[in-house]
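Below: one structure, written as structure tokens.
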Amino acid sequence: MKNIPRIFIGDNIKPGMIIPATRELAHYLTHVMRRCDAIAFGGGHEYNAKLDAGGKNIIIGNDTGHADPSGDITLYFAPIKRTDDLINMATQMGVKKLVPVITEHTTTHHINWERMKKIAIEAAEQSNRNSVPEIASPINFAELDLSNLAFADERAAYGALRDNTTKIKSILVGPEGGFSDTEFSALDNAGAIGISLGKTILRAELAAAIAISRITQ
């Protein structure tokens with residue numbers, strides 16, 4: 001089982017379905033992996049599958065019964081230079097939904113979101129989860145619901161720590177330049193929970209991974 005390739009077909013697959021295989025997928029299975037069987041997943045389920053004799057279709061078999069290890073955390077994040085690394089790590093850590101948030105100090109605006117979706121798919125295939133996280137359209141900080149939210153608070157490294165993450169399902173991570181004073185005030189006034197990530201200032205993508213681990217541990 002360990003060497004069987006895992007492939008994301010879509011969120012609405014069911015046993016017995018016959019799905020056209022892309023040329024890229026057929027090549028991957030037959031020439032790269034040198035096999036016709038695979039594990040297809042999507043929508044929280046995982047199925048045995050195989051490429052038909054003509055190499056044109058994927059035939060979906062029975063449900064493997066593998067439970068989806070993904071969680072129900074939503075990660076709000078400011079786009080950064082290494083957004084691809086952030087999405088890769090967040091997907092591997094089981095995040096359910098990713099929402100880009102444009103903050104005052106956000107400097108990275110031109111992200112290829114279609115490429116980011118492909119990165120999320122590849123990370124999901126490799127991390128044994130049965131679902132691919134949704135990547136939502138970017139929103140502005142002012143549109144964000146700050147209630148019942150935890151955020152990576154670099155001020156916590158200097159003593160401003162509030163660490164009560166019970167039942168928190170949403171995390172916000174800022175850009176390379178951190179949150180502005182206005183944004184910190186908005187977060188504090190809304191009762192958002194600041195999470196300490198240690199005594200050093202971390203790269204944004206690493207801060208996201210540690211914040212997720214603090215919520216899910």
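For the structure tokens, the naming scheme is as follows: chains receive sequential letters (A, B, ...) according to their order of presentation, residues are indexed from 1 within each chain, and ligands are indexed from 1 in presentation order.
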
- Please provide as an NGL selection string all residues within 8 Å of A:Ile7, with the sequence filter that same-chain residues fewer than 2 positions apart are discarded (counting only C-alpha atoms). :A and (5 or 9 or 38-41 or 125)

Restricting the output to N, CA and C atoms, write the selected residues as a CSV table (one decimal), in the first residue's frame.
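Printed below is part-v2.csv as written:
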```csv
chain,number,residue,atom,x,y,z
A,5,PRO,N,0.6,5.1,-5.7
A,5,PRO,CA,0.5,6.5,-5.8
A,5,PRO,C,-0.9,7.0,-5.4
A,9,ILE,N,-8.7,13.3,-7.7
A,9,ILE,CA,-9.5,13.3,-8.9
A,9,ILE,C,-10.5,14.4,-8.8
A,38,ALA,N,-3.9,2.8,-8.3
A,38,ALA,CA,-3.7,4.0,-7.5
A,38,ALA,C,-4.7,4.1,-6.4
A,39,ILE,N,-4.5,5.1,-5.5
A,39,ILE,CA,-5.4,5.5,-4.5
A,39,ILE,C,-6.0,6.8,-4.9
A,40,ALA,N,-7.3,6.9,-5.2
A,40,ALA,CA,-7.9,8.2,-5.6
A,40,ALA,C,-8.6,8.7,-4.4
A,41,PHE,N,-8.5,10.0,-4.2
A,41,PHE,CA,-9.1,10.6,-3.0
A,41,PHE,C,-9.8,11.9,-3.3
A,125,GLU,N,-1.7,14.9,-1.7
A,125,GLU,CA,-1.4,13.6,-2.1
A,125,GLU,C,-0.2,13.0,-1.3
```

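Using only C-alpha atoms, the protein and nucleic acid residues lying no more than 10 Å from A:Ile111, apart from those fewer than 6 places from it along its own chain, are A:Pro79, A:Ile80, A:Lys81, A:Thr83, A:Asp84.
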
- Any idea what's packed within 7 Å of A:Ala190, counting only C-alpha atoms, ignoring anything in its chain fewer than 4 positions away? Could you give it as JSON, numbers by chain? {"A": [146, 147, 186]}

- Give the answer as one residue: which of A:Leu197, A:Ile139, A:Ala53, A:Val95 has the shortest atom-to-atom distance to A:Gly71, using only C-alpha atoms? A:Val95

- Of A:Ala90, A:Ala142, A:Ile121, A:Ile18, the one sitting nearest A:Ala204 when using only C-alpha atoms is A:Ala90

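Each of A:Pro175, A:Gly54, A:Pro133, A:Gly16 was checked against A:Ile119 using only C-alpha atoms; the smallest atom-to-atom distance is that of A:Pro133.
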
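Distances here use only C-alpha atoms; by that measure, the residue among A:Lys167, A:Lys97, A:Arg203, A:Lys118 closest to A:Ile215 is A:Lys167.
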
- Item | Nearest-residue call for A:Lys169, choices A:Leu75, A:Ile59, A:Met93, A:Cys36, using only C-alpha atoms | A:Leu75

- Got a sec: who's within 8 Å of A:Ala211, counting only C-alpha atoms, leaving out chain neighbours fewer than 6 positions off, as a ChimeraX atom specification? /A:151-152,171,195,197
